[in-house]
Amino acid sequence: MRLLKELDQKDPAAVGLELHNFAAELYPICRSITGDGIRQTLESVGRRIPLRTAEVPSGTPVFDWTVPKEWNIRDAYVNDSNGKRVVDFRRSNLHALNYSTPVHATMPLSELKPHLFTLPDHPDWIPYRTSYYQENWGFCLAHNQMLALEDGEYEVCIDSTLEDGNLTYGECYLPGQSTDEVLISCHSCHPSLANDNLSGITVATALAQLLSGRDLRYSYRFLFIPGTIGAITWLARNREAASRIRHGLVLTCIGDAGGFHYKKSRRGDAEIDCAAAHVLRHYSESAEILEFSPYGYDERQYCSPGFNLAVGCLMRSQWGSFPEYHTSADNLDFIRPEQLAGSLRVCAAMMDILEGNRRYCNQNPYCEPQLGRRNLYRSTGGDSVGTDISARLWVLNFSDGQHSLLDIAERSGLPFATIDDAAELLFQAGLLSVTQS
Amino acid sequence: MRLLKELDQKDPAAVGLELHNFAAELYPICRSITGDGIRQTLESVGRRIPLRTAEVPSGTPVFDWTVPKEWNIRDAYVNDSNGKRVVDFRRSNLHALNYSTPVHATMPLSELKPHLFTLPDHPDWIPYRTSYYQENWGFCLAHNQMLALEDGEYEVCIDSTLEDGNLTYGECYLPGQSTDEVLISCHSCHPSLANDNLSGITVATALAQLLSGRDLRYSYRFLFIPGTIGAITWLARNREAASRIRHGLVLTCIGDAGGFHYKKSRRGDAEIDCAAAHVLRHYSESAEILEFSPYGYDERQYCSPGFNLAVGCLMRSQWGSFPEYHTSADNLDFIRPEQLAGSLRVCAAMMDILEGNRRYCNQNPYCEPQLGRRNLYRSTGGDSVGTDISARLWVLNFSDGQHSLLDIAERSGLPFATIDDAAELLFQAGLLSVTQS
Amino acid sequence: MRLLKELDQKDPAAVGLELHNFAAELYPICRSITGDGIRQTLESVGRRIPLRTAEVPSGTPVFDWTVPKEWNIRDAYVNDSNGKRVVDFRRSNLHALNYSTPVHATMPLSELKPHLFTLPDHPDWIPYRTSYYQENWGFCLAHNQMLALEDGEYEVCIDSTLEDGNLTYGECYLPGQSTDEVLISCHSCHPSLANDNLSGITVATALAQLLSGRDLRYSYRFLFIPGTIGAITWLARNREAASRIRHGLVLTCIGDAGGFHYKKSRRGDAEIDCAAAHVLRHYSESAEILEFSPYGYDERQYCSPGFNLAVGCLMRSQWGSFPEYHTSADNLDFIRPEQLAGSLRVCAAMMDILEGNRRYCNQNPYCEPQLGRRNLYRSTGGDSVGTDISARLWVLNFSDGQHSLLDIAERSGLPFATIDDAAELLFQAGLLSVTQS
């Protein structure tokens, strides 16, 4: 049974709620590109799907980069002269500049200010800022919160550690008939930001659950990794596995109320690109297909020219294009159960295409075979034929060893599942042979 | 002289009237995929053009199919309990389910009803229904006619025979300089339906008349065949002739008042496809080019993947898309003399392109040749040049052995005839050589 | 430094004025395809750039043509019976039919009239007419001027000579690192017509000045030639140089107030075609790209099928499309300093692309190189990146040896100069190697 069909047999509200509950479980954790936040997140994922966790020591060279020190944080605050916490990490982990070096000092406001990050255009939101590769300390806070700070002395404390340790990532590998792989990758390094990227983590996990225990054509690899350095580290340590990736998808920002955006792989005409366009045309109300660009999430690494993998990126609202992006407004209210469920549905339909897409060869290529005597046609003529018969004629006519079922679905305007069903029926009737497994 | 030019020297009203009169002569005949109706039709065609009739015995295997039994019908009626004919084949041969098995019985209305076919949405029209490959008997009638039937006993009679015999089709072959062939095919199996397909039969016949007695580049083969099984039978028995078909056209539904539709061959970029698009752009007020699909008329067989012939389909209103389709409303009023004549005109222009389209080679490829001293340019400079000179420059510049005259016509936006005239003039002046005959 | 950058450091008003003053200097000269008018024009050009003048004797065969006789004119007039000059060459050199044979006679108006050319639709403008290849004499005059002529005898005089002599053209050759050439060609045979083509002559001259004394990648050849016969003569005598032309541009009608038109080379996808489209998209307010056609200016010869050179044509208003074309209304008021300067700017930007366009090879093709540690990235993450960093990512991702900088500029939507700057920076950082010089 197709994934989509199986999924559609469940209560969509329950599916959405389960995804949102999982996001709520992960939301409070302070993640970064290294450290215990990502470990704790992977533990939660690992309770749902089989997950192997890798620990890569700081200092390990990975292509042009080096695995950085491990960062952990216990607390962070700014106290005013009365000892009142005016900025408090316990209220939002976004308050600490991510990867901030430890600091504990008292200083006048003027000295503190260069270390404060705010969003004047959205004065009530806390921005999310990082300083991974240049050591710095700082606080992010609402602009109005900063304006309220009076001159005077402040005690600033970031109780973090930045020391040799490990970079951590998780892998879920589901073996299929072929060692050719489908990659699903999501960055898991952002702290309390829901759409970016608890939405990706939760949908990827649910997709892995849906695929588990099936007789699969492809092997599937799910990566839960820190952005950029995580993808680089995985690729540097897994050159051979990378060479087996036939199709891939980066999942990010897929829980908000916006329409879908699919960003094509660098190749632009890969099967995953066609599958995404097909699914979004048939299974979403509105969607936009974006050309590849070398900025974004980890498709930047998978699609670097040396790898040039067939990896696209599925989003709802495009990262960077919505005001809540990288702010405290990207919270659990910003993602919605029904949107998370809809995104899982689209992913399932795409995997159905990858699993089912084949080239067949019509065994009676000279004229149409007589479908009527096989009970594959209507009995009374003169009236128009239905979609089922039409799909059979499409499959027969274009099963010449050149056109895949997805090609035929696109050319006919019919959904892939309809074409795939027709092919299965014709194959059972002995009218088709498989030319490519 | 080009076909179009010859045709345009005639009175268009007279041309149209002759076509319509021929349709009127064929209209009353009860045709089916086999039997005397098609024989009688071929006799009428054969009085206008040289026609060879083939008889293929029932039971003959043709690819995946078998030539069916021969069907003939003398009469059909439903009598009410007073002996009054409430359904009468003599008023319309559509009343008998085409290929109906014989029946003669008396039965209550409730038993008769499953054998009655009507069109509730068009309650005054009789539908056209067939049951070729599943033996059945039945009557087609106006929905209002059926509603008027009162409960009671009815005498039903279909005085038909369905027995071993022959499948009949007609061929008109016009030999040309080359054994390469142009195929014109029209289905000739429908009873009293005018647009579908007396329009195709009459226009094909007139086109053959126009081509007769000419010094032709290609050989032309006109097929007047029963739909589907006729094309399959012809292809199965004429594999070698089929391999010589370079261009082809199925003619159907070309007498109504709608704008033209040309459905491309499966190849999509065949010369016939380009010729059709060119002609319809230049010689019709509005036209739509349709992509190939594996449903329709006999292009389904010609374009099956084993043959994949360059055969398109020319229509006015697309079959199945107008309410009169396959009903008694597709009558002699539904087709019009001027539309039939216009369709013949478009066919003639397409044949002119096939006959004239060549690749030439500019004998002075370095810079323009001096047209002025050959009286092929204007004498006073400074003003713009006319279409004739422009056409010469187009032909000279693109006659590089790669571009055909049709390519040049398309690129220049000029009609094929203008480009062809220019090429002839330049060829006479020794400025071009032919690179492809 | 790029040409455009150098040009933009000058006062645009001064650049425009210099171009217009030069046009004003050339305006009164009576040019034709041969004779002293063109010699005098080349002298003026030669005072600004290094120019070699060629003299080709009448009667020299050039491909399908023959170099014509040399034409010179001192005076021309029509006197009425009172001896009053009613048509006077000294008021406008357009009055004499260009290449008119000498005549001195007295005749009635009726006999004169067939030799008079006027523009009834623009009754105050004098048309420009020529009779190069068919010997004839005549006068061009305003339609109202002709209507005012009363019946009676007229003394007509064209004091011209048409004798064996030479065809004259000028060449400016600027050698570069490669012997591969860029051709800039402008016809220099029209008398007092400003846009057609003093605009081309003056902008070409200024472009040559801008290129002079630079370390150039390509060698540049500027041709100042009579239209048609000049291009044919040059090509016939310079087959080897012609074979070295990699890119070329015909400049005509680039001084008026209209938006730009670029007519593509016959190839349609040559680098010059892409460069023109790119420059006009980024550096002009509105522009139209026209497909190649074999009518126009000397691109007709350069793009004849034997040569098929990558030569396009840059215009503002397209020749033949504006009412002032080939009339006395194409005067010094019709061209404007700021438009001439803007055209020079577009040419400079195009040459910058030809000079700078290369293919690079990313030296770290597996994943992104770490730009941060080379100070080529921002330090604080979370916010969007600017155009400079984006350009670096585009160059790195597509520098695979297949994509040129122009390809990358087009794909990214960024101006070529931004991409070129990014490539230079990355090259300096050792991240790129050149794959094509």
# chains A, B, ... in the order shown; residues from 1 in each chain; ligands from 1

$ residues_around --residues "segment 124-133 of chain C" --least-positions-apart "5" --cutoff "10 Å" --atoms "only C-alpha atoms" --output "JSON, numbers by chain"
{"B": [370, 372, 373, 378, 379, 380, 381, 382, 383], "C": [32, 33, 68, 69, 71, 92, 93, 94, 95, 96, 97, 98, 99, 100, 101, 117, 118, 119, 138, 139, 140, 141, 142, 143, 144, 145, 190, 191, 192, 193, 324, 325, 326, 327, 328, 329, 330]}

$ interface_residues --of "chain A" --to "chain B" --cutoff "9 Å" --atoms "only C-alpha atoms" --output "ChimeraX atom specification"
/A:362,364-370,372-373,379-385,390,393-394,396-400,411-412

$ write_last_selection --atoms "N, CA and C atoms" --output "PDB file, in the first residue's frame"
ATOM      1  N   ASN A 362       5.546  -1.791 -23.237  1.00  0.00           N
ATOM      2  CA  ASN A 362       4.302  -2.329 -23.789  1.00  0.00           C
ATOM      3  C   ASN A 362       4.628  -3.585 -24.597  1.00  0.00           C
ATOM      4  N   ASN A 364       2.574  -5.225 -26.484  1.00  0.00           N
ATOM      5  CA  ASN A 364       1.835  -5.205 -27.763  1.00  0.00           C
ATOM      6  C   ASN A 364       1.962  -3.815 -28.380  1.00  0.00           C
ATOM      7  N   PRO A 365       3.166  -3.446 -28.791  1.00  0.00           N
ATOM      8  CA  PRO A 365       3.364  -2.045 -29.183  1.00  0.00           C
ATOM      9  C   PRO A 365       2.724  -1.682 -30.513  1.00  0.00           C
ATOM     10  N   TYR A 366       2.309  -2.702 -31.303  1.00  0.00           N
ATOM     11  CA  TYR A 366       1.708  -2.397 -32.603  1.00  0.00           C
ATOM     12  C   TYR A 366       0.191  -2.314 -32.441  1.00  0.00           C
ATOM     13  N   CYS A 367      -0.339  -1.124 -32.549  1.00  0.00           N
ATOM     14  CA  CYS A 367      -1.749  -0.827 -32.277  1.00  0.00           C
ATOM     15  C   CYS A 367      -2.063  -1.082 -30.800  1.00  0.00           C
ATOM     16  N   GLU A 368      -3.253  -0.667 -30.398  1.00  0.00           N
ATOM     17  CA  GLU A 368      -3.670  -0.923 -29.023  1.00  0.00           C
ATOM     18  C   GLU A 368      -3.971  -2.398 -28.840  1.00  0.00           C
ATOM     19  N   PRO A 369      -3.636  -2.947 -27.680  1.00  0.00           N
ATOM     20  CA  PRO A 369      -4.151  -4.300 -27.397  1.00  0.00           C
ATOM     21  C   PRO A 369      -5.649  -4.204 -27.146  1.00  0.00           C
ATOM     22  N   GLN A 370      -6.334  -5.323 -27.332  1.00  0.00           N
ATOM     23  CA  GLN A 370      -7.789  -5.301 -27.141  1.00  0.00           C
ATOM     24  C   GLN A 370      -8.110  -5.390 -25.656  1.00  0.00           C
ATOM     25  N   GLY A 372     -10.890  -4.710 -24.209  1.00  0.00           N
ATOM     26  CA  GLY A 372     -12.246  -5.177 -23.934  1.00  0.00           C
ATOM     27  C   GLY A 372     -12.298  -6.637 -23.531  1.00  0.00           C
ATOM     28  N   ARG A 373     -11.578  -7.482 -24.248  1.00  0.00           N
ATOM     29  CA  ARG A 373     -11.669  -8.916 -23.913  1.00  0.00           C
ATOM     30  C   ARG A 373     -10.919  -9.258 -22.624  1.00  0.00           C
ATOM     31  N   SER A 379     -18.020  -1.648 -22.058  1.00  0.00           N
ATOM     32  CA  SER A 379     -18.620  -2.567 -23.021  1.00  0.00           C
ATOM     33  C   SER A 379     -19.442  -1.844 -24.098  1.00  0.00           C
ATOM     34  N   THR A 380     -20.186  -0.793 -23.736  1.00  0.00           N
ATOM     35  CA  THR A 380     -20.980  -0.076 -24.740  1.00  0.00           C
ATOM     36  C   THR A 380     -20.207   1.134 -25.247  1.00  0.00           C
ATOM     37  N   GLY A 381     -20.068   1.242 -26.561  1.00  0.00           N
ATOM     38  CA  GLY A 381     -19.293   2.352 -27.129  1.00  0.00           C
ATOM     39  C   GLY A 381     -20.159   3.531 -27.480  1.00  0.00           C
ATOM     40  N   GLY A 382     -19.522   4.657 -27.778  1.00  0.00           N
ATOM     41  CA  GLY A 382     -20.240   5.838 -28.219  1.00  0.00           C
ATOM     42  C   GLY A 382     -20.142   6.962 -27.215  1.00  0.00           C
ATOM     43  N   ASP A 383     -20.018   6.598 -25.952  1.00  0.00           N
ATOM     44  CA  ASP A 383     -19.900   7.597 -24.894  1.00  0.00           C
ATOM     45  C   ASP A 383     -18.411   7.781 -24.566  1.00  0.00           C
ATOM     46  N   SER A 384     -18.080   8.802 -23.787  1.00  0.00           N
ATOM     47  CA  SER A 384     -16.671   9.055 -23.478  1.00  0.00           C
ATOM     48  C   SER A 384     -16.164   8.048 -22.451  1.00  0.00           C
ATOM     49  N   VAL A 385     -14.848   7.885 -22.398  1.00  0.00           N
ATOM     50  CA  VAL A 385     -14.271   6.933 -21.453  1.00  0.00           C
ATOM     51  C   VAL A 385     -13.899   7.660 -20.171  1.00  0.00           C
ATOM     52  N   SER A 390      -8.667   5.919 -19.556  1.00  0.00           N
ATOM     53  CA  SER A 390      -7.744   6.893 -20.128  1.00  0.00           C
ATOM     54  C   SER A 390      -6.331   6.654 -19.602  1.00  0.00           C
ATOM     55  N   LEU A 393      -4.707   3.786 -21.380  1.00  0.00           N
ATOM     56  CA  LEU A 393      -4.258   4.118 -22.736  1.00  0.00           C
ATOM     57  C   LEU A 393      -2.973   4.938 -22.688  1.00  0.00           C
ATOM     58  N   TRP A 394      -2.885   5.849 -21.735  1.00  0.00           N
ATOM     59  CA  TRP A 394      -1.650   6.637 -21.593  1.00  0.00           C
ATOM     60  C   TRP A 394      -0.454   5.730 -21.284  1.00  0.00           C
ATOM     61  N   LEU A 396      -0.113   2.522 -21.824  1.00  0.00           N
ATOM     62  CA  LEU A 396       0.225   1.643 -22.954  1.00  0.00           C
ATOM     63  C   LEU A 396       0.964   2.423 -24.038  1.00  0.00           C
ATOM     64  N   ASN A 397       0.467   3.591 -24.363  1.00  0.00           N
ATOM     65  CA  ASN A 397       1.056   4.317 -25.484  1.00  0.00           C
ATOM     66  C   ASN A 397       2.467   4.793 -25.185  1.00  0.00           C
ATOM     67  N   PHE A 398       2.732   5.161 -23.942  1.00  0.00           N
ATOM     68  CA  PHE A 398       4.046   5.733 -23.645  1.00  0.00           C
ATOM     69  C   PHE A 398       4.990   4.776 -22.927  1.00  0.00           C
ATOM     70  N   SER A 399       4.551   3.535 -22.738  1.00  0.00           N
ATOM     71  CA  SER A 399       5.467   2.552 -22.154  1.00  0.00           C
ATOM     72  C   SER A 399       6.329   1.976 -23.262  1.00  0.00           C
ATOM     73  N   ASP A 400       7.274   2.774 -23.670  1.00  0.00           N
ATOM     74  CA  ASP A 400       8.168   2.422 -24.775  1.00  0.00           C
ATOM     75  C   ASP A 400       9.598   2.269 -24.274  1.00  0.00           C
ATOM     76  N   ARG A 411       2.664  14.089 -18.521  1.00  0.00           N
ATOM     77  CA  ARG A 411       2.169  14.342 -19.875  1.00  0.00           C
ATOM     78  C   ARG A 411       0.652  14.211 -19.955  1.00  0.00           C
ATOM     79  N   SER A 412       0.102  13.306 -19.186  1.00  0.00           N
ATOM     80  CA  SER A 412      -1.344  13.083 -19.234  1.00  0.00           C
ATOM     81  C   SER A 412      -2.108  14.060 -18.359  1.00  0.00           C
TER      82      SER A 412
END

$ atom_distance --atom1 "atom CA of Ile49 of chain B" --atom2 "atom CA of Val203 of chain B"
12.2 Å

$ atom_distance --atom1 "atom CA of His104 of chain A" --atom2 "atom CA of Asp164 of chain A"
20.9 Å

$ select_by_dssp --residues "segment 240-283 of chain B" --states "alpha helix (DSSP H)" --output "list in words"
Glu240, Ala241, Ala242, Ser243, Glu271, Ile272, Asp273, Cys274, Ala275, Ala276, Ala277, His278, Val279, Leu280, Arg281, His282 and Tyr283 of chain B

$ write_last_selection --atoms "N, CA and C atoms" --output "short mmCIF file (atom, residue, chain, number, x, y, z; two decimals), in the first residue's frame"
data_model
loop_
_atom_site.label_atom_id
_atom_site.label_comp_id
_atom_site.auth_asym_id
_atom_site.auth_seq_id
_atom_site.Cartn_x
_atom_site.Cartn_y
_atom_site.Cartn_z
N GLU B 240 4.60 -3.14 -44.60
CA GLU B 240 5.60 -2.52 -45.45
C GLU B 240 5.14 -1.14 -45.93
N ALA B 241 3.88 -1.08 -46.37
CA ALA B 241 3.35 0.23 -46.77
C ALA B 241 3.39 1.20 -45.58
N ALA B 242 3.06 0.70 -44.39
CA ALA B 242 3.07 1.55 -43.21
C ALA B 242 4.47 2.14 -42.97
N SER B 243 5.48 1.33 -43.29
CA SER B 243 6.86 1.80 -43.05
C SER B 243 7.25 2.90 -44.03
N GLU B 271 7.06 16.95 -39.29
CA GLU B 271 6.85 17.97 -40.32
C GLU B 271 5.35 18.26 -40.48
N ILE B 272 4.52 17.22 -40.37
CA ILE B 272 3.07 17.43 -40.50
C ILE B 272 2.56 18.32 -39.37
N ASP B 273 3.16 18.19 -38.20
CA ASP B 273 2.75 19.03 -37.07
C ASP B 273 3.12 20.50 -37.34
N CYS B 274 4.32 20.70 -37.87
CA CYS B 274 4.76 22.07 -38.18
C CYS B 274 3.92 22.64 -39.32
N ALA B 275 3.67 21.80 -40.33
CA ALA B 275 2.88 22.26 -41.46
C ALA B 275 1.47 22.66 -41.02
N ALA B 276 0.88 21.85 -40.15
CA ALA B 276 -0.47 22.16 -39.68
C ALA B 276 -0.49 23.47 -38.90
N ALA B 277 0.47 23.63 -38.00
CA ALA B 277 0.51 24.85 -37.19
C ALA B 277 0.70 26.07 -38.10
N HIS B 278 1.57 25.92 -39.10
CA HIS B 278 1.83 27.03 -40.02
C HIS B 278 0.57 27.39 -40.81
N VAL B 279 -0.05 26.39 -41.37
CA VAL B 279 -1.24 26.63 -42.20
C VAL B 279 -2.36 27.24 -41.36
N LEU B 280 -2.58 26.70 -40.19
CA LEU B 280 -3.68 27.21 -39.38
C LEU B 280 -3.41 28.63 -38.92
N ARG B 281 -2.13 28.98 -38.68
CA ARG B 281 -1.80 30.35 -38.30
C ARG B 281 -2.07 31.32 -39.45
N HIS B 282 -1.77 30.87 -40.66
CA HIS B 282 -1.89 31.79 -41.80
C HIS B 282 -3.24 31.72 -42.51
N TYR B 283 -3.91 30.57 -42.45
CA TYR B 283 -5.11 30.41 -43.28
C TYR B 283 -6.39 30.16 -42.49
#

$ closest_residue --among "B:Asp256, B:Glu171, B:Glu163, B:Asp11" --to "Asn331 of chain B" --atoms "only C-alpha atoms"
B:Asp256

$ residues_around --residues "Gly152 of chain B" --least-positions-apart "4" --cutoff "9 Å" --atoms "only C-alpha atoms" --output "ChimeraX atom specification"
/B:80-81,107-110

$ select_by_dssp --residues "segment 161-387 of chain A" --states "strand (DSSP E or B)" --output "PyMOL selection string"
chain A and resi 161-163+166-174+181-187+219-225+245-251+260-263+287-290+311-315+327+359-362+381

$ closest_residue --among "C:Val395, C:Ala349, C:Thr34, C:Glu25" --to "Lys5 of chain C" --atoms "only C-alpha atoms"
C:Ala349

$ residues_around --residues "Met351 of chain B" --least-positions-apart "2" --cutoff "9 Å" --atoms "only C-alpha atoms" --output "list in words"
Arg2, Leu3, Leu4, Val182, Ala275, Val346, Cys347, Ala348, Ala349, Ile353, Leu354, Glu355 and Gly356 of chain B

$ write_last_selection --atoms "C-alpha atoms" --output "PDB file, in the first residue's frame"
ATOM      1  CA  ARG B   2      -0.151  24.625 -55.980  1.00  0.00           C
ATOM      2  CA  LEU B   3      -3.324  22.854 -54.831  1.00  0.00           C
ATOM      3  CA  LEU B   4      -4.443  25.899 -52.895  1.00  0.00           C
ATOM      4  CA  VAL B 182       1.346  10.598 -47.280  1.00  0.00           C
ATOM      5  CA  ALA B 275       2.878  22.264 -41.465  1.00  0.00           C
ATOM      6  CA  VAL B 346      -6.614  23.938 -45.145  1.00  0.00           C
ATOM      7  CA  CYS B 347      -5.862  20.369 -46.225  1.00  0.00           C
ATOM      8  CA  ALA B 348      -4.767  21.614 -49.642  1.00  0.00           C
ATOM      9  CA  ALA B 349      -2.417  24.169 -48.078  1.00  0.00           C
ATOM     10  CA  ILE B 353       3.808  22.372 -47.892  1.00  0.00           C
ATOM     11  CA  LEU B 354       4.560  18.651 -47.880  1.00  0.00           C
ATOM     12  CA  GLU B 355       4.989  18.747 -51.656  1.00  0.00           C
ATOM     13  CA  GLY B 356       7.128  21.897 -51.692  1.00  0.00           C
TER      14      GLY B 356
END

$ atom_distance --atom1 "atom CA of Gly312 of chain A" --atom2 "atom CA of Gly258 of chain A"
18.6 Å

$ residues_around --residues "segment 335-339 of chain B" --least-positions-apart "2" --cutoff "7 Å" --atoms "only C-alpha atoms" --output "PDB file with N, CA and C atoms, in the first residue's frame"
ATOM      1  N   ALA B  13     -18.417  28.753 -53.122  1.00  0.00           N
ATOM      2  CA  ALA B  13     -19.778  28.311 -52.800  1.00  0.00           C
ATOM      3  C   ALA B  13     -20.073  26.993 -53.510  1.00  0.00           C
ATOM      4  N   GLY B  16     -18.218  24.125 -51.790  1.00  0.00           N
ATOM      5  CA  GLY B  16     -18.892  23.750 -50.548  1.00  0.00           C
ATOM      6  C   GLY B  16     -20.169  22.973 -50.804  1.00  0.00           C
ATOM      7  N   LEU B  17     -20.918  23.416 -51.785  1.00  0.00           N
ATOM      8  CA  LEU B  17     -22.181  22.763 -52.090  1.00  0.00           C
ATOM      9  C   LEU B  17     -21.951  21.333 -52.564  1.00  0.00           C
ATOM     10  N   LEU B  19     -19.516  19.385 -51.757  1.00  0.00           N
ATOM     11  CA  LEU B  19     -19.165  18.580 -50.585  1.00  0.00           C
ATOM     12  C   LEU B  19     -20.416  18.239 -49.773  1.00  0.00           C
ATOM     13  N   HIS B  20     -21.255  19.227 -49.588  1.00  0.00           N
ATOM     14  CA  HIS B  20     -22.452  18.998 -48.769  1.00  0.00           C
ATOM     15  C   HIS B  20     -23.418  18.045 -49.472  1.00  0.00           C
ATOM     16  N   ALA B 194     -23.342  13.319 -39.380  1.00  0.00           N
ATOM     17  CA  ALA B 194     -22.816  14.097 -40.505  1.00  0.00           C
ATOM     18  C   ALA B 194     -21.400  14.591 -40.259  1.00  0.00           C
ATOM     19  N   ASN B 195     -21.218  15.256 -39.112  1.00  0.00           N
ATOM     20  CA  ASN B 195     -19.881  15.794 -38.855  1.00  0.00           C
ATOM     21  C   ASN B 195     -18.909  14.655 -38.578  1.00  0.00           C
ATOM     22  N   GLY B 255     -16.706  19.589 -40.493  1.00  0.00           N
ATOM     23  CA  GLY B 255     -17.752  20.291 -41.233  1.00  0.00           C
ATOM     24  C   GLY B 255     -18.566  21.269 -40.410  1.00  0.00           C
ATOM     25  N   ASP B 256     -18.364  21.283 -39.095  1.00  0.00           N
ATOM     26  CA  ASP B 256     -19.200  22.137 -38.245  1.00  0.00           C
ATOM     27  C   ASP B 256     -18.667  23.567 -38.225  1.00  0.00           C
ATOM     28  N   ALA B 257     -19.357  24.426 -37.481  1.00  0.00           N
ATOM     29  CA  ALA B 257     -19.038  25.849 -37.524  1.00  0.00           C
ATOM     30  C   ALA B 257     -17.898  26.242 -36.593  1.00  0.00           C
ATOM     31  N   LEU B 332     -27.381  16.831 -41.091  1.00  0.00           N
ATOM     32  CA  LEU B 332     -26.903  17.595 -42.257  1.00  0.00           C
ATOM     33  C   LEU B 332     -26.968  19.106 -42.043  1.00  0.00           C
ATOM     34  N   ASP B 333     -27.776  19.557 -41.073  1.00  0.00           N
ATOM     35  CA  ASP B 333     -27.776  20.995 -40.773  1.00  0.00           C
ATOM     36  C   ASP B 333     -26.562  21.402 -39.948  1.00  0.00           C
ATOM     37  N   ALA B 341     -15.785  23.427 -47.290  1.00  0.00           N
ATOM     38  CA  ALA B 341     -14.866  23.993 -48.292  1.00  0.00           C
ATOM     39  C   ALA B 341     -13.633  24.566 -47.609  1.00  0.00           C
ATOM     40  N   GLY B 342     -13.806  25.231 -46.460  1.00  0.00           N
ATOM     41  CA  GLY B 342     -12.669  25.795 -45.731  1.00  0.00           C
ATOM     42  C   GLY B 342     -11.741  24.704 -45.229  1.00  0.00           C
ATOM     43  N   SER B 343     -12.308  23.593 -44.826  1.00  0.00           N
ATOM     44  CA  SER B 343     -11.470  22.477 -44.363  1.00  0.00           C
ATOM     45  C   SER B 343     -10.661  21.891 -45.515  1.00  0.00           C
TER      46      SER B 343
END

$ residues_around --residues "Glu155 of chain C" --least-positions-apart "6" --cutoff "6 Å" --atoms "only C-alpha atoms" --output "PyMOL selection string"
chain C and resi 78-79+105-106

$ write_last_selection --atoms "N, CA and C atoms" --output "PDB file, in the first residue's frame"
ATOM      1  N   VAL C  78      18.028  73.227 -59.069  1.00  0.00           N
ATOM      2  CA  VAL C  78      16.990  73.417 -60.083  1.00  0.00           C
ATOM      3  C   VAL C  78      16.675  74.905 -60.090  1.00  0.00           C
ATOM      4  N   ASN C  79      16.819  75.537 -61.244  1.00  0.00           N
ATOM      5  CA  ASN C  79      16.502  76.965 -61.387  1.00  0.00           C
ATOM      6  C   ASN C  79      15.178  77.136 -62.118  1.00  0.00           C
ATOM      7  N   ALA C 105      20.630  70.527 -68.032  1.00  0.00           N
ATOM      8  CA  ALA C 105      19.675  70.622 -69.129  1.00  0.00           C
ATOM      9  C   ALA C 105      18.539  71.548 -68.736  1.00  0.00           C
ATOM     10  N   THR C 106      17.794  71.940 -69.724  1.00  0.00           N
ATOM     11  CA  THR C 106      16.575  72.725 -69.483  1.00  0.00           C
ATOM     12  C   THR C 106      15.400  71.903 -69.984  1.00  0.00           C
TER      13      THR C 106
END

$ closest_residue --among "B:Arg345, B:Leu210, B:Gly430, B:Thr252" --to "Met1 of chain B" --atoms "only C-alpha atoms"
B:Leu210

$ residues_around --residues "Cys172 of chain A" --least-positions-apart "6" --cutoff "6 Å" --atoms "only C-alpha atoms" --output "ChimeraX atom specification"
/A:50-51,221-222
